[in-house]
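Shown next: run06.cif, containing mmCIF, C-alpha atoms.
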data_input
loop_
_atom_site.label_atom_id
_atom_site.label_comp_id
_atom_site.auth_asym_id
_atom_site.auth_seq_id
_atom_site.Cartn_x
_atom_site.Cartn_y
_atom_site.Cartn_z
CA MET A 1 -21.82 12.58 -7.58
CA PRO A 2 -19.18 11.86 -4.90
CA ILE A 3 -19.53 8.60 -2.99
CA SER A 4 -19.74 9.10 0.79
CA LYS A 5 -17.15 7.38 2.91
CA PRO A 6 -18.20 4.01 4.38
CA CYS A 7 -18.63 4.18 8.16
CA ILE A 8 -16.95 1.64 10.46
CA LEU A 9 -17.83 1.31 14.16
CA ILE A 10 -14.99 0.13 16.41
CA VAL A 11 -16.12 -1.47 19.68
CA ASP A 12 -13.15 -2.04 22.00
CA ASP A 13 -12.40 -1.12 25.62
CA HIS A 14 -8.74 -0.24 24.97
CA ASP A 15 -8.11 3.39 24.00
CA ASP A 16 -4.86 2.58 22.20
CA ILE A 17 -6.52 -0.14 20.11
CA ARG A 18 -9.31 2.21 19.04
CA PHE A 19 -6.79 4.95 18.27
CA ALA A 20 -4.58 2.68 16.14
CA LEU A 21 -7.54 1.28 14.22
CA SER A 22 -9.06 4.72 13.68
CA LEU A 23 -5.78 6.02 12.28
CA LEU A 24 -5.43 3.06 9.90
CA LEU A 25 -9.02 3.18 8.69
CA GLU A 26 -9.22 6.95 8.25
CA GLN A 27 -6.04 6.87 6.16
CA ALA A 28 -7.68 4.12 4.07
CA GLY A 29 -10.65 6.40 3.31
CA PHE A 30 -13.23 5.27 5.91
CA ARG A 31 -15.27 7.28 8.40
CA VAL A 32 -14.77 5.92 11.93
CA VAL A 33 -17.00 5.93 15.03
CA GLU A 34 -15.82 4.49 18.36
CA ALA A 35 -17.52 2.76 21.30
CA GLU A 36 -15.72 1.50 24.41
CA ASN A 37 -18.18 -1.23 25.45
CA PRO A 38 -21.39 -3.00 24.34
CA PHE A 39 -23.64 -0.38 26.01
CA ALA A 40 -21.85 2.46 24.20
CA CYS A 41 -22.19 0.46 20.98
CA GLN A 42 -25.96 0.21 21.48
CA GLN A 43 -26.14 3.95 22.08
CA VAL A 44 -24.26 4.65 18.84
CA LEU A 45 -26.65 2.42 16.90
CA THR A 46 -29.61 4.52 18.00
CA ARG A 47 -28.32 7.45 15.93
CA LEU A 48 -26.53 5.86 12.96
CA THR A 49 -26.12 2.62 11.03
CA PRO A 50 -22.48 1.84 10.24
CA ASP A 51 -21.48 -0.15 7.17
CA LEU A 52 -19.39 -2.55 9.27
CA ILE A 53 -18.54 -3.20 12.93
CA LEU A 54 -15.17 -4.28 14.32
CA LEU A 55 -16.17 -5.93 17.59
CA ASP A 56 -13.83 -6.89 20.41
CA MET A 57 -14.88 -10.08 22.18
CA ASN A 58 -13.63 -9.31 25.70
CA PHE A 59 -14.48 -6.32 27.88
CA SER A 60 -14.50 -5.61 31.60
CA ARG A 61 -16.03 -8.77 33.05
CA ASP A 62 -13.35 -11.18 31.83
CA THR A 63 -10.49 -11.30 29.37
CA THR A 64 -10.56 -14.64 27.60
CA SER A 65 -14.02 -16.20 27.19
CA GLY A 66 -15.34 -13.86 24.51
CA GLN A 67 -18.86 -14.11 25.96
CA GLU A 68 -19.51 -10.36 26.03
CA GLY A 69 -18.81 -10.03 22.35
CA LEU A 70 -20.83 -13.14 21.52
CA ALA A 71 -23.78 -11.87 23.59
CA LEU A 72 -23.93 -8.67 21.51
CA LEU A 73 -23.66 -10.44 18.14
CA PRO A 74 -27.31 -11.49 17.58
CA GLU A 75 -28.48 -7.90 18.12
CA LEU A 76 -25.96 -6.58 15.59
CA THR A 77 -26.60 -9.20 12.93
CA ALA A 78 -30.36 -8.61 13.27
CA LEU A 79 -29.63 -5.10 11.95
CA ASN A 80 -27.93 -6.64 8.86
CA ILE A 81 -24.62 -4.99 9.73
CA PRO A 82 -21.49 -7.03 8.84
CA VAL A 83 -19.43 -7.81 11.96
CA ILE A 84 -15.75 -8.76 12.15
CA LEU A 85 -14.77 -10.16 15.54
CA MET A 86 -11.47 -9.21 17.19
CA THR A 87 -9.61 -11.03 19.94
CA ALA A 88 -6.06 -11.33 21.18
CA TRP A 89 -6.50 -15.03 21.86
CA ALA A 90 -6.73 -17.20 18.76
CA ASN A 91 -9.45 -19.79 19.38
CA ILE A 92 -10.95 -21.75 16.50
CA GLU A 93 -13.96 -22.92 18.53
CA LEU A 94 -14.73 -19.35 19.55
CA ALA A 95 -14.38 -18.18 15.95
CA VAL A 96 -16.75 -20.91 14.73
CA LYS A 97 -19.28 -19.99 17.42
CA GLY A 98 -19.07 -16.35 16.39
CA MET A 99 -19.64 -17.29 12.75
CA GLN A 100 -22.66 -19.39 13.75
CA LEU A 101 -24.11 -16.36 15.53
CA GLY A 102 -23.75 -14.28 12.37
CA ALA A 103 -20.25 -12.76 12.36
CA LYS A 104 -18.81 -12.33 8.89
CA ASP A 105 -15.15 -12.76 9.79
CA PHE A 106 -12.61 -13.09 12.58
CA VAL A 107 -9.28 -11.29 13.14
CA GLU A 108 -6.58 -11.92 15.71
CA LYS A 109 -4.75 -9.09 17.46
CA PRO A 110 -2.21 -7.80 16.60
CA TRP A 111 -3.64 -7.50 13.11
CA ARG A 112 -1.76 -7.21 9.81
CA LYS A 113 -2.75 -3.94 8.15
CA ASP A 114 -3.10 -5.18 4.57
CA ALA A 115 -4.94 -8.33 5.64
CA LEU A 116 -7.39 -6.41 7.87
CA LEU A 117 -8.16 -3.85 5.15
CA ALA A 118 -8.71 -6.70 2.69
CA GLN A 119 -11.13 -8.37 5.12
CA ILE A 120 -13.06 -5.14 5.57
CA ALA A 121 -13.25 -4.56 1.80
CA ARG A 122 -14.73 -8.04 1.32
CA HIS A 123 -17.66 -7.30 3.65
CA ILE A 124 -18.60 -3.75 2.68
CA GLU A 125 -20.82 -3.29 -0.36
CA PRO A 126 -18.48 -2.50 -3.31
CA THR A 127 -20.63 0.49 -4.31
CA LYS A 128 -19.96 2.08 -0.91
CA VAL A 129 -16.20 1.73 -0.96
CA ARG A 130 -14.39 4.92 -1.91
CA SER A 131 -10.88 4.04 -3.04
CA ASP A 132 -8.45 6.91 -2.56
CA SER A 133 -5.96 5.28 -4.90
CA ALA A 134 -8.60 4.92 -7.59
CA SER A 135 -9.61 8.56 -7.18
CA ALA A 136 -5.99 9.56 -7.68
CA TRP A 137 -5.87 7.76 -11.04
CA ILE A 138 -5.86 10.65 -13.51
CA ALA A 139 -5.17 9.99 -17.17
CA HIS A 140 -5.72 13.09 -19.31
CA SER A 141 -2.36 13.05 -21.09
CA GLU A 142 -1.92 11.13 -24.34
CA LYS A 143 0.57 8.68 -22.82
CA MET A 144 -1.71 7.90 -19.89
CA GLN A 145 -4.69 7.52 -22.23
CA GLN A 146 -2.75 4.85 -24.11
CA ILE A 147 -2.02 3.07 -20.83
CA GLU A 148 -5.67 3.37 -19.79
CA GLN A 149 -6.78 1.60 -22.99
CA LEU A 150 -4.21 -1.12 -22.41
CA VAL A 151 -5.27 -1.58 -18.78
CA HIS A 152 -8.90 -2.13 -19.76
CA GLN A 153 -7.80 -4.82 -22.22
CA LEU A 154 -5.52 -6.62 -19.76
CA ALA A 155 -7.45 -6.27 -16.50
CA GLN A 156 -9.99 -8.98 -17.34
CA THR A 157 -7.27 -11.53 -18.04
CA ASP A 158 -5.19 -13.43 -15.48
CA ALA A 159 -1.92 -12.69 -17.25
CA ASN A 160 1.01 -11.81 -14.98
CA LEU A 161 1.93 -8.14 -15.38
CA LEU A 162 5.18 -6.27 -14.80
CA ILE A 163 4.88 -2.53 -14.19
CA LEU A 164 7.99 -0.46 -14.87
CA GLY A 165 8.64 3.16 -14.03
CA GLU A 166 10.63 5.59 -11.93
CA ASN A 167 10.03 5.89 -8.21
CA GLY A 168 6.86 7.78 -7.40
CA THR A 169 5.14 7.34 -10.78
CA GLY A 170 2.16 5.50 -9.28
CA LYS A 171 2.93 1.82 -9.83
CA SER A 172 0.94 0.73 -6.77
CA GLN A 173 -2.04 2.86 -7.86
CA LEU A 174 -1.92 1.22 -11.28
CA ALA A 175 -1.84 -2.24 -9.67
CA GLN A 176 -4.92 -1.34 -7.64
CA ARG A 177 -6.72 -0.04 -10.70
CA ILE A 178 -5.99 -3.26 -12.60
CA HIS A 179 -7.34 -5.28 -9.67
CA GLN A 180 -10.48 -3.15 -9.39
CA LEU A 181 -11.23 -3.62 -13.10
CA SER A 182 -10.64 -7.38 -12.97
CA HIS A 183 -13.03 -10.24 -12.27
CA ARG A 184 -11.08 -10.75 -9.01
CA ARG A 185 -12.11 -7.39 -7.53
CA GLN A 186 -14.36 -8.95 -4.86
CA ALA A 187 -11.29 -10.77 -3.45
CA PRO A 188 -8.37 -8.98 -1.79
CA LEU A 189 -5.41 -7.22 -3.35
CA ILE A 190 -2.39 -7.89 -1.13
CA ASN A 191 0.60 -5.54 -1.34
CA LEU A 192 4.09 -6.84 -0.62
CA ASN A 193 7.28 -4.75 -0.68
CA MET A 194 9.97 -7.23 -1.69
CA ALA A 195 12.80 -4.89 -0.65
CA ALA A 196 11.50 -4.82 2.94
CA ILE A 197 11.49 -8.61 3.45
CA THR A 198 14.52 -10.03 5.23
CA ASP A 199 16.01 -13.28 3.95
CA ASN A 200 15.06 -15.31 7.01
CA LEU A 201 11.39 -14.24 6.83
CA PHE A 202 10.98 -14.60 3.07
CA GLU A 203 9.24 -18.00 3.05
CA SER A 204 7.06 -17.12 6.04
CA GLU A 205 5.95 -13.82 4.49
CA LEU A 206 5.12 -15.35 1.11
CA PHE A 207 3.99 -18.87 2.00
CA GLY A 208 3.08 -18.70 5.69
CA HIS A 209 4.00 -21.10 8.45
CA GLN A 210 2.44 -23.50 10.90
CA LYS A 211 2.75 -23.33 14.66
CA GLY A 212 6.08 -24.79 15.75
CA ALA A 213 7.68 -24.57 12.30
CA PHE A 214 10.54 -22.61 13.90
CA THR A 215 11.42 -21.16 17.30
CA ASP A 216 9.22 -18.06 17.20
CA ALA A 217 6.33 -19.66 15.31
CA LYS A 218 3.82 -19.62 18.18
CA THR A 219 0.71 -19.56 15.98
CA ASN A 220 -0.26 -20.46 12.44
CA ARG A 221 0.27 -17.63 9.97
CA LEU A 222 -1.09 -17.11 6.47
CA GLY A 223 1.44 -15.95 3.90
CA ALA A 224 0.82 -13.40 1.16
CA PHE A 225 -0.20 -16.04 -1.40
CA SER A 226 -2.88 -17.42 0.95
CA GLN A 227 -4.14 -13.95 1.87
CA ALA A 228 -4.47 -13.09 -1.83
CA GLN A 229 -6.20 -16.36 -2.76
CA SER A 230 -8.75 -15.74 -5.54
CA GLY A 231 -7.49 -12.14 -5.71
CA SER A 232 -4.33 -10.35 -6.72
CA LEU A 233 -0.83 -10.14 -5.25
CA PHE A 234 1.19 -7.00 -5.90
CA MET A 235 4.95 -7.47 -5.47
CA ASP A 236 6.53 -4.04 -5.40
CA GLU A 237 10.30 -3.58 -5.89
CA ILE A 238 10.61 -7.08 -7.35
CA GLY A 239 14.01 -6.12 -8.72
CA ALA A 240 15.34 -5.90 -5.14
CA LEU A 241 14.66 -9.59 -4.47
CA PRO A 242 18.04 -11.26 -3.79
CA ILE A 243 18.96 -13.77 -6.46
CA HIS A 244 19.32 -16.67 -4.01
CA LEU A 245 15.64 -16.29 -3.05
CA GLN A 246 14.35 -15.98 -6.60
CA PRO A 247 14.16 -19.77 -7.27
CA LYS A 248 11.62 -20.15 -4.46
CA LEU A 249 9.29 -17.65 -6.10
CA LEU A 250 9.93 -19.12 -9.54
CA GLN A 251 8.93 -22.58 -8.31
CA VAL A 252 5.53 -21.29 -7.18
CA LEU A 253 4.93 -19.58 -10.52
CA GLU A 254 5.90 -22.72 -12.43
CA THR A 255 4.04 -25.31 -10.33
CA GLY A 256 1.04 -23.26 -9.19
CA GLN A 257 1.47 -24.42 -5.62
CA PHE A 258 3.48 -23.78 -2.46
CA THR A 259 4.05 -25.44 0.91
CA PRO A 260 3.84 -23.34 4.11
CA LEU A 261 6.73 -23.83 6.52
CA GLY A 262 6.01 -26.81 8.75
CA ALA A 263 3.20 -28.13 6.54
CA SER A 264 3.24 -31.60 5.01
CA ALA A 265 1.06 -30.92 1.97
CA PRO A 266 1.24 -28.19 -0.67
CA SER A 267 -1.47 -25.60 -1.28
CA LYS A 268 -2.69 -24.56 -4.71
CA VAL A 269 -2.28 -20.98 -5.91
CA ASP A 270 -5.16 -19.02 -7.43
CA VAL A 271 -3.62 -15.56 -7.56
CA ARG A 272 -3.12 -12.92 -10.24
CA LEU A 273 0.47 -11.66 -9.89
CA ILE A 274 1.36 -8.04 -10.55
CA ALA A 275 4.99 -7.05 -10.05
CA ALA A 276 6.70 -3.67 -10.25
CA THR A 277 10.20 -2.26 -10.27
CA ASN A 278 12.13 0.87 -11.15
CA GLN A 279 15.21 -1.18 -12.03
CA ASP A 280 16.54 -2.19 -15.43
CA ILE A 281 15.85 -5.94 -15.24
CA PRO A 282 17.63 -6.88 -18.51
CA GLN A 283 20.73 -5.13 -17.18
CA ALA A 284 20.37 -6.98 -13.87
CA ILE A 285 20.09 -10.25 -15.82
CA ALA A 286 23.30 -9.41 -17.69
CA LYS A 287 25.01 -8.84 -14.33
CA GLN A 288 23.59 -12.16 -13.02
CA GLN A 289 21.58 -10.30 -10.38
CA PHE A 290 18.19 -11.44 -11.68
CA ARG A 291 17.10 -14.76 -13.13
CA GLN A 292 16.02 -14.65 -16.75
CA ASP A 293 13.50 -17.47 -16.30
CA LEU A 294 11.83 -15.58 -13.43
CA TYR A 295 11.72 -12.43 -15.57
CA TYR A 296 9.90 -14.36 -18.32
CA ARG A 297 7.38 -15.66 -15.78
CA LEU A 298 6.69 -12.15 -14.48
CA ASN A 299 6.47 -10.22 -17.73
CA THR A 300 3.65 -11.87 -19.67
CA PHE A 301 2.86 -8.24 -20.36
CA VAL A 302 4.85 -5.11 -19.46
CA ILE A 303 3.35 -1.69 -18.73
CA THR A 304 5.76 1.23 -18.46
CA LEU A 305 4.47 4.25 -16.55
CA PRO A 306 5.84 7.57 -17.84
CA PRO A 307 7.45 10.05 -15.43
CA LEU A 308 5.31 13.01 -14.44
CA ARG A 309 7.44 15.40 -16.52
CA ALA A 310 6.30 13.46 -19.62
CA ARG A 311 2.60 13.84 -18.81
CA GLN A 312 2.12 17.60 -18.51
CA ALA A 313 -1.63 17.43 -19.04
CA ASP A 314 -2.00 15.46 -15.79
CA ILE A 315 -0.05 17.80 -13.48
CA LEU A 316 -2.76 20.37 -12.69
CA PRO A 317 -5.63 17.81 -12.41
CA LEU A 318 -3.46 15.80 -9.99
CA ALA A 319 -2.66 18.98 -8.06
CA GLU A 320 -6.38 19.76 -7.71
CA TYR A 321 -7.01 16.21 -6.50
CA PHE A 322 -4.30 16.51 -3.83
CA ILE A 323 -5.65 19.89 -2.69
CA ASP A 324 -9.05 18.25 -2.19
CA LYS A 325 -7.50 15.30 -0.38
CA TYR A 326 -5.37 17.27 2.07
CA SER A 327 -7.97 19.95 2.72
CA GLN A 328 -10.29 17.17 3.91
CA LYS A 329 -7.54 15.42 5.85
CA TYR A 330 -6.56 18.54 7.81
CA ASN A 331 -10.11 19.96 8.06
CA LYS A 332 -9.17 23.15 6.21
CA THR A 333 -11.20 25.31 3.87
CA ARG A 334 -10.19 24.27 0.38
CA PRO A 335 -7.88 26.86 -1.20
CA THR A 336 -7.74 27.45 -4.94
CA LEU A 337 -4.60 27.23 -7.06
CA ASP A 338 -3.57 30.62 -8.44
CA GLN A 339 -1.80 31.28 -11.74
CA THR A 340 1.70 31.66 -10.24
CA ALA A 341 1.40 28.28 -8.52
CA SER A 342 0.06 26.63 -11.66
CA GLN A 343 2.95 27.97 -13.72
CA ARG A 344 5.49 26.79 -11.13
CA LEU A 345 3.96 23.32 -11.04
CA LEU A 346 4.09 23.07 -14.84
CA SER A 347 7.69 24.31 -15.08
CA HIS A 348 9.13 21.95 -12.43
CA ASP A 349 10.59 18.68 -13.77
CA TRP A 350 9.35 16.53 -10.83
CA PRO A 351 12.23 14.12 -10.21
CA GLY A 352 10.11 12.55 -7.46
CA ASN A 353 7.12 12.27 -9.82
CA VAL A 354 3.55 11.99 -8.46
CA ARG A 355 4.81 11.27 -4.94
CA GLU A 356 6.76 14.54 -4.92
CA LEU A 357 3.72 16.42 -6.26
CA SER A 358 1.60 14.94 -3.47
CA HIS A 359 4.06 16.02 -0.76
CA THR A 360 4.36 19.47 -2.32
CA LEU A 361 0.60 20.07 -2.25
CA GLU A 362 0.27 18.63 1.26
CA ARG A 363 2.78 21.21 2.54
CA ALA A 364 1.06 23.96 0.57
CA VAL A 365 -2.35 23.16 2.05
CA LEU A 366 -0.88 23.08 5.56
CA ILE A 367 0.89 26.44 5.39
CA CYS A 368 -1.64 28.32 3.25
CA GLN A 369 -3.61 30.81 5.35
CA ASN A 370 -5.29 32.50 2.38
CA GLU A 371 -8.04 31.58 -0.05
CA SER A 372 -5.52 30.57 -2.70
CA ILE A 373 -2.20 28.76 -2.99
CA ASP A 374 0.50 30.80 -4.75
CA ASP A 375 4.03 29.83 -5.79
CA THR A 376 5.47 30.86 -2.38
CA HIS A 377 3.44 28.10 -0.69
CA LEU A 378 4.89 25.36 -2.90
CA LEU A 379 8.42 25.41 -1.44
CA ILE A 380 9.83 23.79 -4.59
CA GLU A 381 13.60 23.78 -4.86
CA THR A 382 15.08 24.37 -8.30
CA THR A 383 16.58 21.11 -9.49
CA HIS A 384 19.90 20.75 -11.24
CA SER A 385 18.18 19.86 -14.51
CA GLU A 386 16.14 23.07 -14.29
CA GLN A 387 19.30 25.13 -13.77
CA THR A 388 21.20 23.60 -16.68
CA SER A 389 20.66 21.03 -19.37
CA GLU A 390 24.25 19.82 -19.13
CA VAL A 391 24.72 16.28 -17.85
CA PRO A 392 27.94 15.34 -16.03
CA ALA A 393 30.16 12.88 -17.87
CA MET A 394 29.54 10.09 -15.35
CA THR A 395 28.23 6.53 -15.54
CA LEU A 396 24.76 5.76 -14.17
CA GLU A 397 26.29 3.96 -11.20
CA ALA A 398 28.55 6.93 -10.46
CA LEU A 399 25.56 9.28 -10.66
CA GLU A 400 23.55 7.06 -8.31
CA LYS A 401 26.42 6.89 -5.83
CA GLN A 402 26.88 10.65 -5.89
CA ARG A 403 23.16 11.19 -5.39
CA ILE A 404 23.19 8.90 -2.36
CA LEU A 405 26.19 10.70 -0.89
CA ASP A 406 24.52 14.09 -1.41
CA VAL A 407 21.28 12.99 0.23
CA LEU A 408 23.09 11.37 3.17
CA ALA A 409 25.06 14.56 3.73
CA ALA A 410 21.92 16.68 3.59
CA ASN A 411 20.18 14.41 6.11
CA GLU A 412 23.12 13.94 8.51
CA SER A 413 23.45 10.25 7.51
CA GLN A 414 19.98 9.41 8.83
CA ILE A 415 18.92 6.26 6.96
CA SER A 416 15.13 6.66 7.25
CA ALA A 417 15.14 10.30 6.17
CA SER A 418 17.59 9.65 3.33
CA ALA A 419 15.63 6.64 2.04
CA LYS A 420 12.45 8.73 2.01
CA VAL A 421 14.11 11.48 -0.05
CA LEU A 422 15.52 8.90 -2.47
CA GLY A 423 12.14 7.20 -2.79
CA ILE A 424 13.40 3.75 -1.76
CA SER A 425 13.08 1.53 1.30
CA ARG A 426 15.60 1.41 4.16
CA ASN A 427 16.69 -2.09 3.09
CA ALA A 428 17.17 -0.97 -0.51
CA LEU A 429 19.34 1.94 0.70
CA TYR A 430 21.42 -0.37 2.89
CA ARG A 431 22.05 -2.62 -0.12
CA ARG A 432 23.22 0.35 -2.17
CA LEU A 433 25.52 1.46 0.66
CA GLU A 434 27.08 -2.00 0.60
CA LYS A 435 27.22 -2.02 -3.21
CA TYR A 436 29.05 1.31 -3.38
CA GLN A 437 31.08 0.65 -0.20
CA ILE A 438 29.73 3.78 1.50
CA ASP A 439 30.50 3.82 5.22
CA LEU A 440 28.27 5.74 7.63
CA PRO A 441 29.85 7.77 10.44
CA GLU A 442 29.65 6.02 13.82
#
Would you write out, as C-alpha cells, the structure that this file holds?
Amino acid sequence: MPISKPCILIVDDHDDIRFALSLLLEQAGFRVVEAENPFACQQVLTRLTPDLILLDMNFSRDTTSGQEGLALLPELTALNIPVILMTAWANIELAVKGMQLGAKDFVEKPWRKDALLAQIARHIEPTKVRSDSASAWIAHSEKMQQIEQLVHQLAQTDANLLILGENGTGKSQLAQRIHQLSHRRQAPLINLNMAAITDNLFESELFGHQKGAFTDAKTNRLGAFSQAQSGSLFMDEIGALPIHLQPKLLQVLETGQFTPLGASAPSKVDVRLIAATNQDIPQAIAKQQFRQDLYYRLNTFVITLPPLRARQADILPLAEYFIDKYSQKYNKTRPTLDQTASQRLLSHDWPGNVRELSHTLERAVLICQNESIDDTHLLIETTHSEQTSEVPAMTLEALEKQRILDVLAANESQISASAKVLGISRNALYRRLEKYQIDLPE
C-alpha cells in the first residue's frame, strides 16, 4: 500500500516565506498547509492534524520578542504535534524557553535547505516519511541486483564508501538508500556538492565558524560535519576538490576531529562518510591532482553504478515511476506508456542516464494531451552513438573538450544552461574551461 505524504503546517505572516517553504517541502515529498497567524492556525487544526508545524515566533503585534509564537506553543504541544520554531533573530534564551514549552527544535531564518529538511525528518515518525529518492530506487536488472545485495551488507557498517559512476546514474539516490538502511537513519543525511564550494568558504562549509571568526561571520554557523553528527555526510563530486584543500579533509578523516573557524577547542566527528565522483581518481592521482592517501581514506569500499544503457531491465520500470511522479506533480491524469514509446526508450543509449530519462518523461507528461504517451511525446534526439558505432580517433581529453565546445555553441555560451546539459556544476564547467583554455565571447 502507498504511504500517504506527511502533512506540514506552516504558520508565518509573510507570504514569501510561506511560498518558499511550501515549494521546498512539496519538492521534498511533503503535503503543505499554510496559516498566516495564530488564529488561522487554530482554524486549520479544527479540520486536520498535521504531522509537524513550522511556527514563526513573531506576527503583527511586535517583531522581536517571540511572545506570540510562545503563547501558541502549549496549545500545539498538547495535541502531541511536533513544533519547530522559526525566527529571524537568533536568541538562545528564546530558543531555550521555546524548548521548555514543548518545541522540538529551533531554526533561524534564512534557513539552510538541507539542514531544515534534516530537522524535519528527525521529528516526523519514520513510518510516515515518504522518500522520493527511495521510491526511485529500482533494481530489477542483474547488475543492480548485485549492487542491492552489496548495499545491504555494507549499510549496517560505518565503513567509508566511494560511489563511482557516470553523471546521472543515481549516486545521490544510492547514498540516501545506504543511509536509510543504516543504524544512523534516525539522524540526518547531509548532502554537500564539493564542486560548488569556493576555496575561501571551504572550512566554513565543512567545519563551521564562530561569530567574529572573519569579517562576515556575524553569527555562529554549524558546518556540514556538525550537521551530520551521528548521521551520514554525502560528499558529491569529491574528485573536483582542489588538491590544496584535500589535506584539510584528510586531517579530519585521520584524527576524527575538527576545529570550527574561530574556536579554541576541537570537536569530535561521529559521521559516516559517503563520497561520489564520475572522475577517474587513479588517473587524477597519477597527474598529481588527487592525493593518494585521501583516496585510501575514502574508498574503504567502492561501489560502481552502471550506466542506464547497461541496465535495460530497469528502463521501463523507471519510466513508469517518473510518469507517476510527474503526473502527481503537475496534477494531470496519469497517461500510459504505449508500445512505440517503450521501444524508443529501450533503443536509446541514454548518455545522460537516469537524469536524462527523468527529464524526458517530465516533458512527455507535460505535453501529452492523450491517454497514452507515444514516441512523438518523448522528444529524444538521436545520439551520435546511435547513428554510428564508429568512435573518432581522439583522446578522452580531446573528446571532452569537443563536447564542451559543442554544448557551449548550442547554448550560446550560457554557462548555467551548458553545465546543466553536461550534467556538471557551474564551478566544474569553469574549471574545465580553464583547463582547456576555452575563452567565452564577451
Extending 6 Å beyond the listed atoms of region 337-351 of chain A on each side, what axis-aligned box results? I want centre and edge lengths in Å to one decimal, as AutoDock Vina command-line options.
--center_x 3.8 --center_y 22.9 --center_z -11.1 --size_x 28.8 --size_y 29.5 --size_z 20.0
Convert the output of the PyMOL selection byres ((chain A and resi 48) around 12) on the shown file into explicit residues, formatted as number ranges by chain.
A: 7-9, 32-33, 41-47, 49-52, 79, 81
With a distance cut-off of 12 Å and only C-alpha atoms, select the neighbouring residues of Arg297 (chain A), excluding the residue or stretch itself and same-chain residues fewer than 5 positions from it, and output the selection as a list of chain:residue names.
A:Ala159, A:Asn160, A:Leu161, A:Leu162, A:Gln246, A:Pro247, A:Leu249, A:Leu250, A:Gln251, A:Val252, A:Leu253, A:Glu254, A:Thr255, A:Gly256, A:Leu273, A:Ile274, A:Ala275, A:Arg291, A:Gln292, A:Val302
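The interatomic distance for the pair CA of Ala175 (chain A) and CA of Arg431 (chain A) works out to 25.7 Å.
Picture a line from CA of Gly170 (chain A) to CA of Ile373 (chain A); it runs 24.5 Å.
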Residue with smallest distance to Ala228 (chain A) - pool A:Ile84, A:Leu201, A:Leu241, A:Ala118, counting all atoms listed in the file:
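Closest to Ala228 (chain A) of all the choices is A:Ala118.
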List as an NGL selection string the protein and nucleic acid residues near Asp16 (chain A), meaning an atom at most 12 Å away when all atoms listed in the file are counted, but skip any in the same chain fewer than 6 places from it.
:A and (10 or 22-23 or 34 or 36)
